[in-house]
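What follows is a set of notes on a single structure, which appears directly below.
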Amino acid sequence: MAEEKPLTVVTCTAPVNIAVIKYWGKRDEELILPINSSLSVTLHQDQLKTTTTAAISRDFKEDRLWLNGEEADVGHPRLQSCLREMRRLARKRRGGSAGAAAPLSLAYKVHVASVNNFPTAAGLASSAAGYACLVHTLARLYGVEGELSEVARQGSGSACRSMLGGFAQWLMGERPDGKDSIAQQVAPEMHWPELRVLILVVSAEKKPVGSTAGMQTSVDTSPLLKHRAEAVVPERMAQMIQFIRQRDFEGFGQLTMKDSNQFHATCLDTFPPIFYLNDVSRRIIALAHRFNAHHGKTKVAYTFDAGPNAVVFTLADTVDEFVEVVKGSFPPESNGDQFLKGLPAGPASLSDELLSTVVLEPVPGAIRYILLTKPGPGPQPLDDPNLHLLGADGLPRSSA
């Protein structure tokens with residue numbers, strides 16, 4: 001039997017986040033510094049998470065990376081930024097405390113394996129969860145503590161918000177070096193226990209324009225985006241923080257919808273224009289407004305990122321009814337039981353009045369499935385060695 005190599009291994013998980021005040025546009029492409037602050041809800045890792053294992057060994061010949069089982073380019077500039085920065089912080093920490101043990105030579109190469117428990121087709125911010133997970137895992141591997149959202153930001157802007165649970169704001173900062181462009185928690189995940197999140201996965205289409213390219217075209221061409229960043233977002237950030245602290249769903253929901261709509265208006269104001277919403281997205285928007293009008297108050301609130309999938313916020317007491325409304329409006333073509341994934345929802349009977357005024361012209365098969373989740377915590381370590389994605393040889397386990 002081959003002798004096991006001296007290997008140091010750490011595994012962590014990290015969450016997806018959904019922005020309710022949107023980030024769109026950078027003032028510094030290299031450091032990923034935004035033109036406005038943003039605010040998001042961190043989703044629970046029981047439903048959506050990235051798992052990352054990082055290992056170092058004197059025997060590794062080069063840095064290597066595997067994503068969802070496939071070897072990937074470890075030379076990606078943003079990945080290299082995070083690796084370089086984490087090694088720099090580790091060196092700084094070693095230098096800082098005299099006589100500290102330095103068993104993990106920083107010259108050792110690292111192997112990283114990462115998997116998402118959600119289909120990338122779901123158009124969820126996989127880069128946010130991925131880079132938050134990478135940074136958190138490397139921090140534990142190298143024994144680095146302190147402000148790490150600034151490092152995650154250099155992988156993917158929104159990743160800095162996935163370093164925190166509950167409700168997080170990404171402060172745009174003012175410094176050219178980006179040291180003050182960091183994430184802060186607005187409220188922990190248990191602050192609003194009734195809040196629920198429904199992700200309506202529209203039949204998958206690859207997004208026409210990636211976020212990175214799209215937002216830079218917007219910065220270069222959209223006067224509306226400039227107005228949004230300077231005149232609209234600062235006030236909205238303050239309002240949103242208040243609504244969250246007061247658990248005011250009416251205010252939270254309305255502002256979430258308005259900010260999503262304005263983000264997509266800036267995409268339309270970009271030249272040439274960018275269309276992320278499709279016909280089904282627009283039907284979901286209209287459905288939400290009819291549902292709220294029927295109830296005479298804001299019961300559901302949609303938001304869309306750079307793609308057609310809807311994220312709908314609601315409270316626990318509305319989930320069952322709204323799931324039925326979605327099923328009635330977009331009847332599942334496949335077996336209905338797999339239409340709802342994640343947290344369970346109970347049956348609900350819809351009144352005739354609701355059916356006649358809210359559920360109009362059903363479109364069968366337009367939504368692939370619904371994922372029901374809720375706010376959750378930030379990155380977590382996995383201490384069970386059976387959960388490592390890399391084996392004793394530093395290569396991906398076949399089962400991973």
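Here's how to read the names in the structure tokens: chain A, B, ... by the order shown, residue numbers from 1 in each chain, ligand numbers from 1 in the order shown.
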Using 10 Å as the limit and counting only C-alpha atoms, can you tabulate each residue of region 49-80 of chain A that touches region 360-380 of chain A, with its shortest atom-to-atom distance in Å and the two atoms involved, as CSV?
```
residue,atom,partner,partner_atom,distance
A:Lys49,CA,A:Pro379,CA,9.2
A:Thr50,CA,A:Pro379,CA,9.3
A:Thr51,CA,A:Gln380,CA,9.5
```
With N, CA, C and O atoms kept, could you save the residues just selected as a JSON list (two decimals), in the first residue's frame?
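Here's the written file result16.json:
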```
[["chain", "number", "residue", "atom", "x", "y", "z"],
["A", 49, "LYS", "N", -25.46, 25.87, -2.09],
["A", 49, "LYS", "CA", -24.13, 26.15, -1.54],
["A", 49, "LYS", "C", -23.06, 25.71, -2.50],
["A", 49, "LYS", "O", -23.26, 24.88, -3.39],
["A", 50, "THR", "N", -21.88, 26.31, -2.31],
["A", 50, "THR", "CA", -20.66, 25.82, -2.93],
["A", 50, "THR", "C", -19.85, 25.14, -1.84],
["A", 50, "THR", "O", -19.78, 25.65, -0.72],
["A", 51, "THR", "N", -19.28, 23.98, -2.15],
["A", 51, "THR", "CA", -18.36, 23.31, -1.23],
["A", 51, "THR", "C", -16.98, 23.34, -1.87],
["A", 51, "THR", "O", -16.84, 23.03, -3.06]]
```
>> Based on the backbone DSSP call, show me all residues of region 134-378 of chain A assigned alpha helix (DSSP H), as a ChimeraX atom specification.
In response: /A:134-142,149-153,211-221,223-227,233-245,249-269,279-295,316-329,352-357
>> List the spatial neighbours of Ser114 (chain A) as a PyMOL selection string - criterion: any atom at most 9 Å away, only C-alpha atoms, same-chain residues fewer than 5 positions off excluded.
In response: chain A and resi 50-54+65-69+130+133-134+389
Would you save the residues of that selection, restricted to N, CA, C and O atoms, as a compact mmCIF listing (two decimals), in the first residue's frame?
```txt
# COMPACT_ATOMS: atom_id res chain seq x y z
N THR A 50 -21.88 26.31 -2.31
CA THR A 50 -20.66 25.82 -2.93
C THR A 50 -19.85 25.14 -1.84
O THR A 50 -19.78 25.65 -0.72
N THR A 51 -19.28 23.98 -2.15
CA THR A 51 -18.36 23.31 -1.23
C THR A 51 -16.98 23.34 -1.87
O THR A 51 -16.84 23.03 -3.06
N THR A 52 -15.98 23.73 -1.09
CA THR A 52 -14.61 23.81 -1.61
C THR A 52 -13.65 23.12 -0.66
O THR A 52 -13.72 23.31 0.56
N THR A 53 -12.76 22.31 -1.23
CA THR A 53 -11.66 21.71 -0.47
C THR A 53 -10.36 22.27 -1.02
O THR A 53 -10.17 22.33 -2.24
N ALA A 54 -9.48 22.70 -0.11
CA ALA A 54 -8.14 23.14 -0.51
C ALA A 54 -7.12 22.30 0.25
O ALA A 54 -7.30 22.03 1.44
N LEU A 65 -6.79 23.25 -10.08
CA LEU A 65 -8.17 23.58 -9.74
C LEU A 65 -9.14 22.64 -10.46
O LEU A 65 -8.97 22.37 -11.65
N TRP A 66 -10.14 22.15 -9.71
CA TRP A 66 -11.23 21.37 -10.31
C TRP A 66 -12.56 22.01 -9.95
O TRP A 66 -12.83 22.30 -8.80
N LEU A 67 -13.41 22.25 -10.96
CA LEU A 67 -14.74 22.80 -10.74
C LEU A 67 -15.79 21.78 -11.16
O LEU A 67 -15.78 21.34 -12.31
N ASN A 68 -16.65 21.41 -10.23
CA ASN A 68 -17.69 20.41 -10.51
C ASN A 68 -17.11 19.18 -11.20
O ASN A 68 -17.68 18.65 -12.16
N GLY A 69 -15.95 18.73 -10.73
CA GLY A 69 -15.35 17.48 -11.20
C GLY A 69 -14.43 17.62 -12.40
O GLY A 69 -13.70 16.69 -12.72
N GLY A 130 -18.76 30.79 -5.05
CA GLY A 130 -17.49 30.13 -5.34
C GLY A 130 -16.29 30.87 -4.79
O GLY A 130 -15.43 30.27 -4.14
N CYS A 133 -16.28 31.00 -0.98
CA CYS A 133 -15.88 29.70 -0.45
C CYS A 133 -14.37 29.51 -0.57
O CYS A 133 -13.71 29.04 0.36
N LEU A 134 -13.82 29.89 -1.71
CA LEU A 134 -12.37 29.77 -1.93
C LEU A 134 -11.60 30.56 -0.87
O LEU A 134 -10.68 30.04 -0.23
N LEU A 389 -13.39 16.93 -0.70
CA LEU A 389 -13.53 16.64 -2.13
C LEU A 389 -12.24 16.09 -2.73
O LEU A 389 -12.23 15.58 -3.84
```
> Nearest to Ala316 (chain A) among A:Gly95, A:Gly75, A:Gly346, A:Gly210, with distances taken over only C-alpha atoms: which residue is it?
Replying inline: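 For Ala316 (chain A), the nearest of the candidates is A:Gly346.
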